[in-house]
$ cat target-v5.txt   # compact mmCIF, C-alpha atoms and all ligand atoms
# COMPACT_ATOMS: atom_id res chain seq x y z
CA MET A 1 3.41 -7.84 -26.83
CA LYS A 2 5.78 -10.16 -24.97
CA ASN A 3 7.22 -9.82 -21.47
CA GLU A 4 10.71 -9.69 -23.05
CA ASP A 5 9.95 -6.73 -25.36
CA LEU A 6 8.63 -4.56 -22.59
CA LYS A 7 11.48 -5.44 -20.23
CA THR A 8 14.10 -4.33 -22.76
CA ARG A 9 12.29 -1.14 -23.64
CA ASP A 10 11.75 -0.39 -19.95
CA LEU A 11 15.39 -0.74 -18.99
CA ASP A 12 16.38 1.59 -21.83
CA VAL A 13 14.39 4.48 -20.42
CA LEU A 14 13.20 3.89 -16.85
CA TRP A 15 14.72 4.26 -13.41
CA HIS A 16 12.59 2.34 -10.90
CA PRO A 17 11.76 3.34 -7.31
CA CYS A 18 13.61 1.85 -4.35
CA THR A 19 15.73 -0.29 -6.67
CA GLN A 20 19.43 -0.92 -7.35
CA MET A 21 18.96 -0.99 -11.12
CA LYS A 22 21.97 -3.30 -11.62
CA ASP A 23 19.94 -6.01 -9.89
CA HIS A 24 17.88 -6.20 -13.05
CA GLU A 25 20.87 -7.75 -14.88
CA THR A 26 19.93 -10.94 -13.05
CA LEU A 27 16.53 -10.24 -11.53
CA PRO A 28 13.98 -9.85 -14.32
CA LEU A 29 11.42 -7.08 -14.22
CA ILE A 30 7.85 -8.29 -14.47
CA PRO A 31 5.78 -6.37 -17.01
CA ILE A 32 2.13 -6.43 -16.00
CA LYS A 33 -0.55 -6.55 -18.64
CA LYS A 34 -3.64 -6.41 -16.50
CA ALA A 35 -4.98 -6.94 -13.02
CA HIS A 36 -8.24 -7.96 -11.49
CA GLY A 37 -9.29 -8.60 -7.91
CA ILE A 38 -6.26 -9.66 -5.90
CA TYR A 39 -4.43 -10.91 -9.03
CA ILE A 40 -1.97 -9.15 -11.27
CA GLU A 41 -1.10 -10.83 -14.58
CA ASP A 42 1.88 -10.58 -16.92
CA PHE A 43 1.92 -10.76 -20.72
CA GLU A 44 2.43 -14.51 -20.66
CA GLY A 45 -0.65 -15.14 -18.57
CA ASN A 46 1.19 -15.76 -15.25
CA GLN A 47 -0.88 -14.55 -12.33
CA TYR A 48 0.37 -13.34 -8.97
CA ILE A 49 -1.59 -12.79 -5.78
CA ASP A 50 -0.93 -9.20 -4.73
CA ALA A 51 -0.10 -10.03 -1.09
CA ILE A 52 1.18 -6.51 -0.42
CA SER A 53 -1.72 -4.60 -2.00
CA SER A 54 0.69 -2.97 -4.49
CA TRP A 55 2.72 -1.10 -1.85
CA TRP A 56 -0.10 -1.08 0.68
CA VAL A 57 -2.57 0.95 -1.34
CA ASN A 58 -5.12 -1.48 -2.75
CA MET A 59 -8.19 -2.17 -0.63
CA PHE A 60 -10.89 -3.70 -2.81
CA GLY A 61 -8.94 -5.36 -5.57
CA HIS A 62 -7.65 -4.18 -8.92
CA THR A 63 -10.05 -2.93 -11.61
CA ASN A 64 -12.88 -2.99 -9.10
CA SER A 65 -16.02 -2.54 -11.19
CA TYR A 66 -17.68 -0.09 -8.79
CA ILE A 67 -14.66 2.20 -8.39
CA ASN A 68 -14.03 1.98 -12.15
CA SER A 69 -17.58 3.09 -12.92
CA LYS A 70 -17.37 6.06 -10.55
CA ILE A 71 -14.08 7.25 -12.05
CA VAL A 72 -15.47 6.93 -15.58
CA GLU A 73 -18.58 8.89 -14.56
CA GLN A 74 -16.35 11.62 -13.14
CA LEU A 75 -14.07 11.56 -16.18
CA ASN A 76 -16.97 12.59 -18.37
CA THR A 77 -17.88 15.47 -16.06
CA LEU A 78 -14.78 17.11 -14.61
CA GLU A 79 -11.26 15.66 -14.53
CA HIS A 80 -9.48 18.41 -12.61
CA VAL A 81 -9.76 22.02 -11.64
CA ILE A 82 -7.51 24.35 -9.65
CA LEU A 83 -8.52 24.16 -5.97
CA ALA A 84 -7.42 27.69 -5.08
CA GLY A 85 -10.45 29.93 -5.55
CA PHE A 86 -12.50 27.03 -6.96
CA THR A 87 -14.11 23.91 -5.62
CA HIS A 88 -16.06 20.90 -6.90
CA GLU A 89 -18.63 18.43 -5.74
CA GLN A 90 -16.36 15.43 -5.24
CA VAL A 91 -13.88 17.24 -3.00
CA VAL A 92 -16.64 18.77 -0.86
CA LYS A 93 -18.43 15.43 -0.50
CA LEU A 94 -15.19 13.65 0.36
CA SER A 95 -14.23 16.25 2.95
CA GLU A 96 -17.66 16.09 4.61
CA ARG A 97 -17.34 12.34 4.84
CA LEU A 98 -13.78 12.37 6.17
CA VAL A 99 -14.68 14.91 8.85
CA LYS A 100 -17.50 12.59 9.94
CA LEU A 101 -15.48 9.39 9.81
CA THR A 102 -12.21 10.45 11.44
CA PRO A 103 -11.96 10.89 15.23
CA ALA A 104 -14.16 13.71 16.59
CA GLY A 105 -12.49 17.11 16.54
CA LEU A 106 -10.81 16.81 13.13
CA ASP A 107 -12.80 19.37 11.20
CA LYS A 108 -10.85 20.66 8.22
CA CYS A 109 -9.23 18.87 5.26
CA PHE A 110 -6.11 20.01 3.41
CA TYR A 111 -5.25 17.96 0.30
CA SER A 112 -2.04 16.98 -1.44
CA ASP A 113 -0.91 14.17 -3.72
CA ASN A 114 0.92 11.46 -1.79
CA GLY A 115 1.88 10.37 1.71
CA SER A 116 5.20 12.22 1.86
CA SER A 117 3.78 15.54 0.70
CA ALA A 118 0.98 15.23 3.26
CA VAL A 119 3.56 14.61 5.99
CA GLU A 120 5.29 17.81 4.85
CA VAL A 121 1.96 19.63 5.11
CA ALA A 122 1.38 18.39 8.67
CA LEU A 123 4.91 19.36 9.78
CA LYS A 124 4.67 22.84 8.24
CA MET A 125 1.17 23.41 9.60
CA SER A 126 2.23 22.38 13.09
CA TYR A 127 5.24 24.71 13.12
CA HIS A 128 3.25 27.53 11.55
CA ALA A 129 0.34 27.16 14.02
CA HIS A 130 2.75 27.60 16.94
CA LEU A 131 4.40 30.54 15.16
CA ASN A 132 1.02 32.22 14.59
CA ASP A 133 0.51 31.78 18.33
CA GLY A 134 3.70 33.71 19.00
CA LYS A 135 5.82 30.62 19.82
CA LYS A 136 8.89 31.24 17.68
CA ASN A 137 11.17 28.55 19.08
CA LYS A 138 9.07 25.48 18.44
CA ASN A 139 11.04 24.30 15.44
CA ILE A 140 12.01 20.73 16.33
CA PHE A 141 10.02 17.63 15.45
CA VAL A 142 10.13 14.43 17.44
CA SER A 143 9.53 11.04 15.89
CA LEU A 144 9.83 7.45 17.01
CA THR A 145 12.92 5.33 16.56
CA ASN A 146 12.49 2.97 13.58
CA SER A 147 9.83 5.22 12.03
CA TYR A 148 9.13 5.87 8.35
CA HIS A 149 7.19 8.83 7.00
CA GLY A 150 8.25 9.07 3.36
CA GLU A 151 11.15 10.15 1.19
CA THR A 152 10.92 13.91 0.65
CA ILE A 153 13.42 15.90 2.70
CA GLY A 154 11.09 16.83 5.57
CA ALA A 155 9.44 13.42 5.71
CA LEU A 156 12.83 11.70 5.58
CA SER A 157 14.06 13.93 8.41
CA VAL A 158 11.42 12.56 10.76
CA GLY A 159 12.07 9.01 9.60
CA ASP A 160 14.57 6.74 11.31
CA VAL A 161 15.23 3.84 8.93
CA GLU A 162 18.97 4.02 8.20
CA LEU A 163 18.70 2.42 4.78
CA TYR A 164 16.75 5.35 3.41
CA LYS A 165 18.03 8.14 5.62
CA ASP A 166 21.78 7.84 6.17
CA THR A 167 22.96 9.02 2.74
CA TYR A 168 20.98 12.24 2.95
CA GLU A 169 21.73 13.06 6.61
CA PRO A 170 23.65 16.28 5.78
CA LEU A 171 20.58 17.64 3.98
CA LEU A 172 18.00 16.91 6.63
CA LEU A 173 16.14 18.93 9.26
CA LYS A 174 17.27 18.54 12.84
CA THR A 175 14.86 16.12 14.55
CA LEU A 176 14.82 14.11 17.75
CA GLN A 177 13.91 10.45 18.10
CA THR A 178 12.22 8.98 21.14
CA PRO A 179 12.10 5.20 21.64
CA VAL A 180 9.22 3.31 20.07
CA PRO A 181 7.68 0.73 22.47
CA LYS A 182 9.83 -2.34 22.00
CA ASP A 183 6.92 -4.76 21.72
CA MET A 184 3.13 -4.95 21.96
CA SER A 185 2.97 -4.97 25.77
CA ILE A 186 1.47 -2.26 27.95
CA GLU A 187 4.69 -2.15 29.99
CA SER A 188 6.80 -1.18 27.01
CA ALA A 189 4.16 1.39 26.01
CA LYS A 190 4.55 2.97 29.44
CA GLU A 191 8.35 2.85 29.37
CA SER A 192 8.47 4.60 26.01
CA ALA A 193 5.89 7.19 27.01
CA ASP A 194 8.03 7.98 30.07
CA GLU A 195 10.97 8.61 27.75
CA PHE A 196 8.89 10.97 25.65
CA GLU A 197 7.73 12.80 28.73
CA LYS A 198 11.34 13.20 29.86
CA LEU A 199 12.16 14.78 26.51
CA CYS A 200 9.18 17.13 26.78
CA ARG A 201 10.14 18.12 30.31
CA GLU A 202 13.56 19.17 29.01
CA ARG A 203 12.74 20.61 25.61
CA ALA A 204 8.99 21.20 25.11
CA ASP A 205 9.70 24.89 24.40
CA GLU A 206 11.45 23.82 21.22
CA ILE A 207 9.22 20.91 20.20
CA SER A 208 6.50 21.57 17.67
CA ALA A 209 5.06 18.05 17.34
CA ILE A 210 5.62 14.37 17.69
CA ILE A 211 4.79 12.35 14.58
CA VAL A 212 3.95 8.65 14.92
CA GLU A 213 2.73 5.76 12.79
CA PRO A 214 -0.09 4.55 15.06
CA LEU A 215 0.16 0.85 16.05
CA ILE A 216 2.31 -0.38 13.13
CA GLN A 217 5.60 0.95 11.79
CA GLY A 218 5.30 -0.25 8.21
CA ALA A 219 8.67 0.27 6.54
CA GLY A 220 10.27 -0.24 9.96
CA SER A 221 9.74 -3.99 9.42
CA MET A 222 6.08 -4.05 10.50
CA HIS A 223 7.03 -3.32 14.09
CA MET A 224 3.87 -3.23 16.23
CA TYR A 225 3.06 -1.65 19.58
CA ASN A 226 0.20 -1.25 22.05
CA ALA A 227 -2.54 1.38 21.61
CA GLU A 228 -1.90 2.45 25.22
CA TYR A 229 1.18 4.30 23.96
CA LEU A 230 -1.06 6.60 21.93
CA VAL A 231 -3.27 7.26 24.94
CA LEU A 232 -0.24 8.20 27.02
CA ILE A 233 1.46 10.45 24.49
CA ARG A 234 -1.84 12.21 23.73
CA GLU A 235 -1.98 13.23 27.35
CA ILE A 236 1.70 14.27 27.44
CA CYS A 237 1.27 16.35 24.27
CA ASN A 238 -1.68 18.16 25.88
CA ARG A 239 0.31 18.97 28.98
CA TYR A 240 3.37 20.27 27.12
CA ASN A 241 1.64 22.06 24.22
CA VAL A 242 3.16 19.71 21.67
CA HIS A 243 1.09 18.62 18.65
CA LEU A 244 0.42 14.98 17.95
CA ILE A 245 0.61 14.04 14.27
CA ALA A 246 -0.85 10.62 13.47
CA ASP A 247 0.61 9.40 10.19
CA GLU A 248 -2.08 6.92 9.16
CA VAL A 249 -0.85 6.78 5.56
CA MET A 250 -0.41 3.01 5.88
CA VAL A 251 -2.65 2.04 8.78
CA GLY A 252 -5.66 4.17 7.82
CA PHE A 253 -8.80 2.80 6.18
CA GLY A 254 -9.28 -0.45 8.01
CA ARG A 255 -5.82 -2.03 8.11
CA THR A 256 -5.69 -2.37 11.87
CA GLY A 257 -9.24 -3.60 12.51
CA GLU A 258 -10.75 -0.12 12.94
CA LEU A 259 -11.32 2.40 10.18
CA PHE A 260 -8.51 4.49 11.69
CA ALA A 261 -5.83 3.19 14.04
CA CYS A 262 -6.30 6.12 16.45
CA GLU A 263 -9.77 4.74 17.20
CA LYS A 264 -8.11 1.80 18.97
CA ALA A 265 -6.77 4.30 21.51
CA LYS A 266 -9.88 6.50 21.37
CA ILE A 267 -7.74 9.57 20.82
CA THR A 268 -7.92 12.52 18.48
CA PRO A 269 -4.55 13.65 17.14
CA ASP A 270 -4.00 17.29 16.23
CA PHE A 271 -3.30 16.20 12.67
CA ILE A 272 -4.13 12.96 10.91
CA VAL A 273 -2.33 12.18 7.66
CA LEU A 274 -4.10 9.91 5.15
CA SER A 275 -3.19 8.60 1.71
CA LYS A 276 -2.62 5.12 0.14
CA GLY A 277 -6.01 3.42 0.77
CA LEU A 278 -7.83 6.74 0.50
CA THR A 279 -8.53 6.15 -3.21
CA GLY A 280 -8.75 2.37 -2.87
CA GLY A 281 -5.30 2.21 -4.43
CA TYR A 282 -6.33 3.87 -7.69
CA LEU A 283 -5.00 7.41 -7.84
CA PRO A 284 -2.53 9.57 -5.94
CA LEU A 285 -4.26 11.63 -3.27
CA SER A 286 -3.55 12.53 0.33
CA VAL A 287 -5.12 14.67 2.97
CA VAL A 288 -4.28 16.18 6.34
CA LEU A 289 -7.18 16.75 8.72
CA THR A 290 -6.88 19.09 11.65
CA SER A 291 -9.06 20.86 14.21
CA ASP A 292 -11.06 24.06 13.87
CA GLU A 293 -8.87 25.40 16.67
CA ILE A 294 -5.68 25.02 14.64
CA TYR A 295 -7.43 26.27 11.49
CA ALA A 296 -8.47 29.41 13.39
CA LYS A 297 -4.83 30.29 14.08
CA PHE A 298 -4.38 30.93 10.34
CA TYR A 299 -7.69 32.76 9.82
CA CYS A 300 -7.24 36.53 9.77
CA ASP A 301 -6.93 39.52 7.46
CA TYR A 302 -4.61 38.93 4.51
CA ASN A 303 -2.07 41.53 5.61
CA GLU A 304 -1.47 39.83 8.93
CA HIS A 305 0.46 37.23 6.85
CA LYS A 306 -0.65 34.16 8.74
CA ALA A 307 -2.13 32.15 5.86
CA PHE A 308 -0.90 28.65 5.04
CA LEU A 309 0.44 29.27 1.54
CA HIS A 310 1.26 25.66 0.72
CA SER A 311 0.02 24.22 -2.59
CA HIS A 312 0.39 21.39 -5.09
CA SER A 313 -0.87 21.58 -8.67
CA TYR A 314 -3.08 18.51 -8.37
CA THR A 315 -4.50 19.36 -4.94
CA GLY A 316 -7.95 17.79 -4.58
CA ASN A 317 -7.94 16.26 -8.07
CA ALA A 318 -11.53 15.45 -9.04
CA LEU A 319 -10.83 11.97 -10.42
CA ALA A 320 -8.89 10.99 -7.31
CA CYS A 321 -11.66 12.38 -5.10
CA SER A 322 -14.26 10.36 -7.03
CA ALA A 323 -12.17 7.21 -6.46
CA ALA A 324 -11.99 8.11 -2.76
CA ASN A 325 -15.76 8.64 -2.55
CA ALA A 326 -16.31 5.30 -4.28
CA THR A 327 -13.95 3.66 -1.78
CA LEU A 328 -15.89 5.16 1.13
CA ASP A 329 -19.15 3.96 -0.47
CA ILE A 330 -17.80 0.41 -0.34
CA PHE A 331 -16.81 0.82 3.33
CA GLU A 332 -20.28 2.16 4.05
CA ASN A 333 -22.30 -0.39 2.09
CA GLU A 334 -20.43 -3.61 2.67
CA ASN A 335 -19.58 -3.70 6.36
CA ILE A 336 -15.89 -4.01 5.53
CA ILE A 337 -14.54 -3.55 9.04
CA GLU A 338 -16.55 -6.55 10.25
CA LYS A 339 -15.46 -8.62 7.24
CA ASN A 340 -11.84 -7.66 7.85
CA ARG A 341 -12.08 -8.85 11.43
CA LYS A 342 -13.11 -12.29 10.17
CA THR A 343 -10.38 -12.37 7.53
CA SER A 344 -7.73 -11.28 10.01
CA LYS A 345 -8.85 -13.95 12.47
CA TYR A 346 -8.38 -16.52 9.74
CA MET A 347 -4.96 -15.13 8.82
CA GLY A 348 -3.98 -15.10 12.50
CA GLU A 349 -4.82 -18.79 12.87
CA LYS A 350 -2.74 -19.70 9.86
CA LEU A 351 0.13 -17.50 11.00
CA LYS A 352 0.74 -19.71 14.06
CA LYS A 353 1.93 -22.54 11.82
CA PHE A 354 5.02 -20.52 10.88
CA LEU A 355 6.35 -20.98 14.40
CA GLU A 356 6.95 -24.65 13.57
CA LEU A 357 9.81 -23.61 11.29
CA GLU A 358 13.28 -23.51 12.87
CA ASN A 359 14.26 -20.34 11.02
CA VAL A 360 11.25 -18.38 12.29
CA GLU A 361 11.98 -16.21 15.31
CA SER A 362 8.53 -14.75 15.98
CA ILE A 363 5.19 -13.78 14.48
CA ARG A 364 2.89 -10.83 15.08
CA GLN A 365 -0.35 -9.41 13.81
CA THR A 366 -2.44 -6.28 13.99
CA GLY A 367 -5.67 -6.50 12.02
CA MET A 368 -5.03 -7.16 8.34
CA VAL A 369 -1.24 -7.08 8.74
CA CYS A 370 0.72 -10.22 9.67
CA ALA A 371 4.50 -10.41 9.98
CA ILE A 372 7.08 -13.15 10.45
CA ASP A 373 10.65 -12.53 11.66
CA LEU A 374 13.25 -14.93 10.33
CA LYS A 375 16.36 -15.69 12.39
CA GLY A 376 19.93 -16.57 11.69
CA TYR A 377 20.53 -14.59 8.50
CA LYS A 378 22.94 -11.74 7.75
CA SER A 379 21.68 -8.78 5.71
CA GLU A 380 24.24 -9.54 2.92
CA GLU A 381 22.46 -12.84 2.33
CA ARG A 382 19.44 -10.89 1.02
CA ILE A 383 17.17 -13.54 2.38
CA GLY A 384 14.07 -11.46 1.62
CA LEU A 385 15.02 -11.47 -2.04
CA LYS A 386 15.07 -15.28 -2.03
CA VAL A 387 11.59 -15.37 -0.53
CA TYR A 388 10.44 -12.79 -3.10
CA GLN A 389 11.75 -14.92 -5.97
CA PHE A 390 10.24 -18.11 -4.57
CA GLY A 391 6.93 -16.31 -4.19
CA LEU A 392 6.92 -15.12 -7.80
CA LYS A 393 7.72 -18.58 -9.14
CA ASN A 394 4.72 -19.82 -7.21
CA GLY A 395 2.23 -17.09 -8.03
CA VAL A 396 2.46 -14.79 -5.02
CA LEU A 397 3.86 -11.28 -4.85
CA LEU A 398 5.54 -11.04 -1.43
CA ARG A 399 7.95 -8.17 -0.83
CA PRO A 400 9.83 -8.89 2.40
CA LEU A 401 11.45 -6.11 4.38
CA GLY A 402 14.91 -7.61 4.99
CA SER A 403 14.28 -10.79 6.93
CA VAL A 404 10.69 -9.87 7.80
CA ILE A 405 8.07 -11.55 5.65
CA TYR A 406 4.64 -9.94 5.84
CA PHE A 407 1.14 -10.12 4.41
CA MET A 408 -1.00 -7.08 3.72
CA PRO A 409 -3.51 -8.26 1.11
CA PRO A 410 -6.49 -6.44 -0.40
CA TYR A 411 -9.54 -6.83 1.83
CA ILE A 412 -11.42 -8.91 -0.71
CA ILE A 413 -9.06 -11.87 -0.32
CA THR A 414 -10.94 -15.16 0.21
CA LYS A 415 -9.99 -17.97 2.58
CA ASP A 416 -8.70 -20.11 -0.30
CA GLU A 417 -6.59 -17.24 -1.54
CA CYS A 418 -5.27 -16.66 2.00
CA ASP A 419 -4.32 -20.34 2.08
CA LYS A 420 -2.41 -20.04 -1.16
CA MET A 421 -0.70 -16.78 -0.14
CA MET A 422 0.42 -18.08 3.24
CA ASP A 423 1.26 -21.62 2.11
CA VAL A 424 3.59 -20.30 -0.58
CA ALA A 425 5.30 -18.07 2.02
CA TYR A 426 5.58 -21.07 4.35
CA ASP A 427 7.20 -23.17 1.61
CA ALA A 428 9.49 -20.26 0.72
CA ILE A 429 10.74 -19.99 4.29
CA LYS A 430 11.08 -23.76 4.59
CA SER A 431 13.09 -23.86 1.38
CA LEU A 432 15.75 -21.69 3.06
CA LEU A 433 16.53 -24.38 5.65
C1 LIG B 1 3.50 5.63 7.33
C2 LIG B 1 3.88 6.21 6.01
N1 LIG B 1 3.94 7.54 5.87
C3 LIG B 1 4.26 8.12 4.70
C4 LIG B 1 4.55 7.35 3.60
C5 LIG B 1 4.92 8.02 2.31
O1 LIG B 1 3.89 7.90 1.39
P1 LIG B 1 4.19 8.06 -0.17
O2 LIG B 1 5.00 6.85 -0.55
O3 LIG B 1 2.85 8.08 -0.80
O4 LIG B 1 4.94 9.32 -0.34
C6 LIG B 1 4.51 5.97 3.69
C7 LIG B 1 4.82 5.13 2.53
O5 LIG B 1 4.99 3.95 2.59
C8 LIG B 1 4.17 5.37 4.94
O6 LIG B 1 4.13 4.06 5.09

$ encode --input "target-v5.txt" --output "structure tokens"
Amino acid sequence: MKNEDLKTRDLDVLWHPCTQMKDHETLPLIPIKKAHGIYIEDFEGNQYIDAISSWWVNMFGHTNSYINSKIVEQLNTLEHVILAGFTHEQVVKLSERLVKLTPAGLDKCFYSDNGSSAVEVALKMSYHAHLNDGKKNKNIFVSLTNSYHGETIGALSVGDVELYKDTYEPLLLKTLQTPVPKDMSIESAKESADEFEKLCRERADEISAIIVEPLIQGAGSMHMYNAEYLVLIREICNRYNVHLIADEVMVGFGRTGELFACEKAKITPDFIVLSKGLTGGYLPLSVVLTSDEIYAKFYCDYNEHKAFLHSHSYTGNALACSAANATLDIFENENIIEKNRKTSKYMGEKLKKFLELENVESIRQTGMVCAIDLKGYKSEERIGLKVYQFGLKNGVLLRPLGSVIYFMPPYIITKDECDKMMDVAYDAIKSLL
């Protein structure tokens, strides 16, 4: 099999995500034959460092031997079973572990298949919990400016990235946006929290929940803010009977330097949404955890009609749960959070060098995520695409967000591999001058 064969066959029958397909007239697709560790490899033997963890999902490298073995073991036992009326060992074990690991007070797990569907679950559960409490008017969701929560209609409605949202505006739910803290300072955290409080003062009767990406807005160009904001909005939510939904789809499982970003603020949200790293980047799975208190609002005789009747066919898939349990084993056995702190310190040191370049505006970092803002380019120049192409020619998969170049590698990356990843990005940015 050659790269060329697969490319032609692909373009005959596939429509790729988040892609203007005409671009592929000039921008070749890259068929991948195999992957191992932080490297993906095409059919001609070219290797690329996966600097973005394959859309932010991969934690412990590709074809990780431990996760592989656990999935194979599960495959020979039970691949999948309906989760309504039935259960299985992997999903019970995973749920017990997640309840223990997530902030205290998150006691029940509800599964779905991907980040967007889990966001939908959290939104529906929040609205429905208020409704079961007799609060019929709480049907508006608040989110942060510049936020991203996925692409399904509900998730898109609480997002605020024009590129994805504008076209579908007529189809979307009515939502309100409150300003995200403009930088990582405590002052901006306070300013933004004041704005949210103002909104609650005026409209809390209608507001079901605020949904936030704690600490880092991923698709919103890796915008970062101070944990104090989470502390402040937790308190405001309590006072105004508004739920706090923490969408940790991207930041969960160690990205920010803690297992969960909410730990940085020592808060418990009413709902935490997890996906991506949950299975180590192997299989689609997501989960919403909430409190016993919210769970109790749905618990009654069948004919009271208060049950949460949401479902997905693959809810709690056994193979995905076994991958998730294997991922948690690695966290447990290998002191990953501590290792990540060392790796992120190393990345942070190297990041400073980018400030030497005239076309770099600023740099920022939270844990295992580093970002570089370029300056002086118009969006039509598609500067990110140039960096992407330079990266590929030099063995690194970077996938800039507009003029923001970022690194979000698998946690197993070594110092030498960090050097290569960041040096190639440095040369790419320099080549634009
Ligand atoms: C914070 C956040 N929420 C939700 C999603 C949607 O997840 P999925 O792409 O699995 O639907 C994403 C995806 O990037 C995300 O970053």

$ residues_near_point --input "target-v5.txt" --point "(10.4, 9.1, 27.2)" --cutoff "12 Å" --atoms "all atoms listed in the file" --output "ChimeraX atom specification"
/A:142-145,176-181,188-203,210,229,232-233,236

$ write_last_selection --input "target-v5.txt" --atoms "C-alpha atoms" --output "PDB file, keeping the file's coordinate frame"
ATOM      1  CA  VAL A 142      10.130  14.430  17.440  1.00  0.00           C
ATOM      2  CA  SER A 143       9.530  11.040  15.890  1.00  0.00           C
ATOM      3  CA  LEU A 144       9.830   7.450  17.010  1.00  0.00           C
ATOM      4  CA  THR A 145      12.920   5.330  16.560  1.00  0.00           C
ATOM      5  CA  LEU A 176      14.820  14.110  17.750  1.00  0.00           C
ATOM      6  CA  GLN A 177      13.910  10.450  18.100  1.00  0.00           C
ATOM      7  CA  THR A 178      12.220   8.980  21.140  1.00  0.00           C
ATOM      8  CA  PRO A 179      12.100   5.200  21.640  1.00  0.00           C
ATOM      9  CA  VAL A 180       9.220   3.310  20.070  1.00  0.00           C
ATOM     10  CA  PRO A 181       7.680   0.730  22.470  1.00  0.00           C
ATOM     11  CA  SER A 188       6.800  -1.180  27.010  1.00  0.00           C
ATOM     12  CA  ALA A 189       4.160   1.390  26.010  1.00  0.00           C
ATOM     13  CA  LYS A 190       4.550   2.970  29.440  1.00  0.00           C
ATOM     14  CA  GLU A 191       8.350   2.850  29.370  1.00  0.00           C
ATOM     15  CA  SER A 192       8.470   4.600  26.010  1.00  0.00           C
ATOM     16  CA  ALA A 193       5.890   7.190  27.010  1.00  0.00           C
ATOM     17  CA  ASP A 194       8.030   7.980  30.070  1.00  0.00           C
ATOM     18  CA  GLU A 195      10.970   8.610  27.750  1.00  0.00           C
ATOM     19  CA  PHE A 196       8.890  10.970  25.650  1.00  0.00           C
ATOM     20  CA  GLU A 197       7.730  12.800  28.730  1.00  0.00           C
ATOM     21  CA  LYS A 198      11.340  13.200  29.860  1.00  0.00           C
ATOM     22  CA  LEU A 199      12.160  14.780  26.510  1.00  0.00           C
ATOM     23  CA  CYS A 200       9.180  17.130  26.780  1.00  0.00           C
ATOM     24  CA  ARG A 201      10.140  18.120  30.310  1.00  0.00           C
ATOM     25  CA  GLU A 202      13.560  19.170  29.010  1.00  0.00           C
ATOM     26  CA  ARG A 203      12.740  20.610  25.610  1.00  0.00           C
ATOM     27  CA  ILE A 210       5.620  14.370  17.690  1.00  0.00           C
ATOM     28  CA  TYR A 229       1.180   4.300  23.960  1.00  0.00           C
ATOM     29  CA  LEU A 232      -0.240   8.200  27.020  1.00  0.00           C
ATOM     30  CA  ILE A 233       1.460  10.450  24.490  1.00  0.00           C
ATOM     31  CA  ILE A 236       1.700  14.270  27.440  1.00  0.00           C
TER      32      ILE A 236
END

$ residues_near_point --input "target-v5.txt" --point "(3.7, -9.7, -17.0)" --cutoff "9 Å" --atoms "all atoms listed in the file" --output "list in words"
Lys2, Asn3, Leu29, Ile30, Pro31, Ile32, Lys33, Lys34, Ile40, Glu41, Asp42, Phe43, Glu44, Gly45, Asn46 and Gln47 of chain A

$ residues_near_ligand --input "target-v5.txt" --ligand "ligand LIG 1 (chain B)" --cutoff "10 Å" --atoms "only C-alpha atoms and all ligand atoms" --output "short mmCIF file (atom, residue, chain, number, x, y, z; two decimals) with C-alpha atoms, in the coordinates of the input"
data_model
loop_
_atom_site.label_atom_id
_atom_site.label_comp_id
_atom_site.auth_asym_id
_atom_site.auth_seq_id
_atom_site.Cartn_x
_atom_site.Cartn_y
_atom_site.Cartn_z
CA TRP A 55 2.72 -1.10 -1.85
CA TRP A 56 -0.10 -1.08 0.68
CA VAL A 57 -2.57 0.95 -1.34
CA ASP A 113 -0.91 14.17 -3.72
CA ASN A 114 0.92 11.46 -1.79
CA GLY A 115 1.88 10.37 1.71
CA SER A 116 5.20 12.22 1.86
CA SER A 117 3.78 15.54 0.70
CA ALA A 118 0.98 15.23 3.26
CA VAL A 119 3.56 14.61 5.99
CA GLU A 120 5.29 17.81 4.85
CA SER A 147 9.83 5.22 12.03
CA TYR A 148 9.13 5.87 8.35
CA HIS A 149 7.19 8.83 7.00
CA GLY A 150 8.25 9.07 3.36
CA GLU A 151 11.15 10.15 1.19
CA THR A 152 10.92 13.91 0.65
CA ALA A 155 9.44 13.42 5.71
CA LEU A 156 12.83 11.70 5.58
CA GLY A 159 12.07 9.01 9.60
CA ILE A 211 4.79 12.35 14.58
CA VAL A 212 3.95 8.65 14.92
CA GLU A 213 2.73 5.76 12.79
CA PRO A 214 -0.09 4.55 15.06
CA ILE A 216 2.31 -0.38 13.13
CA GLN A 217 5.60 0.95 11.79
CA GLY A 218 5.30 -0.25 8.21
CA ALA A 219 8.67 0.27 6.54
CA GLY A 220 10.27 -0.24 9.96
CA MET A 222 6.08 -4.05 10.50
CA ALA A 246 -0.85 10.62 13.47
CA ASP A 247 0.61 9.40 10.19
CA GLU A 248 -2.08 6.92 9.16
CA VAL A 249 -0.85 6.78 5.56
CA MET A 250 -0.41 3.01 5.88
CA VAL A 251 -2.65 2.04 8.78
CA GLY A 252 -5.66 4.17 7.82
CA VAL A 273 -2.33 12.18 7.66
CA LEU A 274 -4.10 9.91 5.15
CA SER A 275 -3.19 8.60 1.71
CA LYS A 276 -2.62 5.12 0.14
CA PRO A 284 -2.53 9.57 -5.94
CA LEU A 285 -4.26 11.63 -3.27
CA SER A 286 -3.55 12.53 0.33
#

$ closest_residue --input "target-v5.txt" --among "A:Cys418, A:Leu131, A:Leu98, A:Ala204" --to "Phe308 (chain A)" --atoms "all atoms listed in the file"
A:Leu131

$ atom_distance --input "target-v5.txt" --atom1 "CA of Pro17 (chain A)" --atom2 "CA of Leu215 (chain A)"
26.2 Å
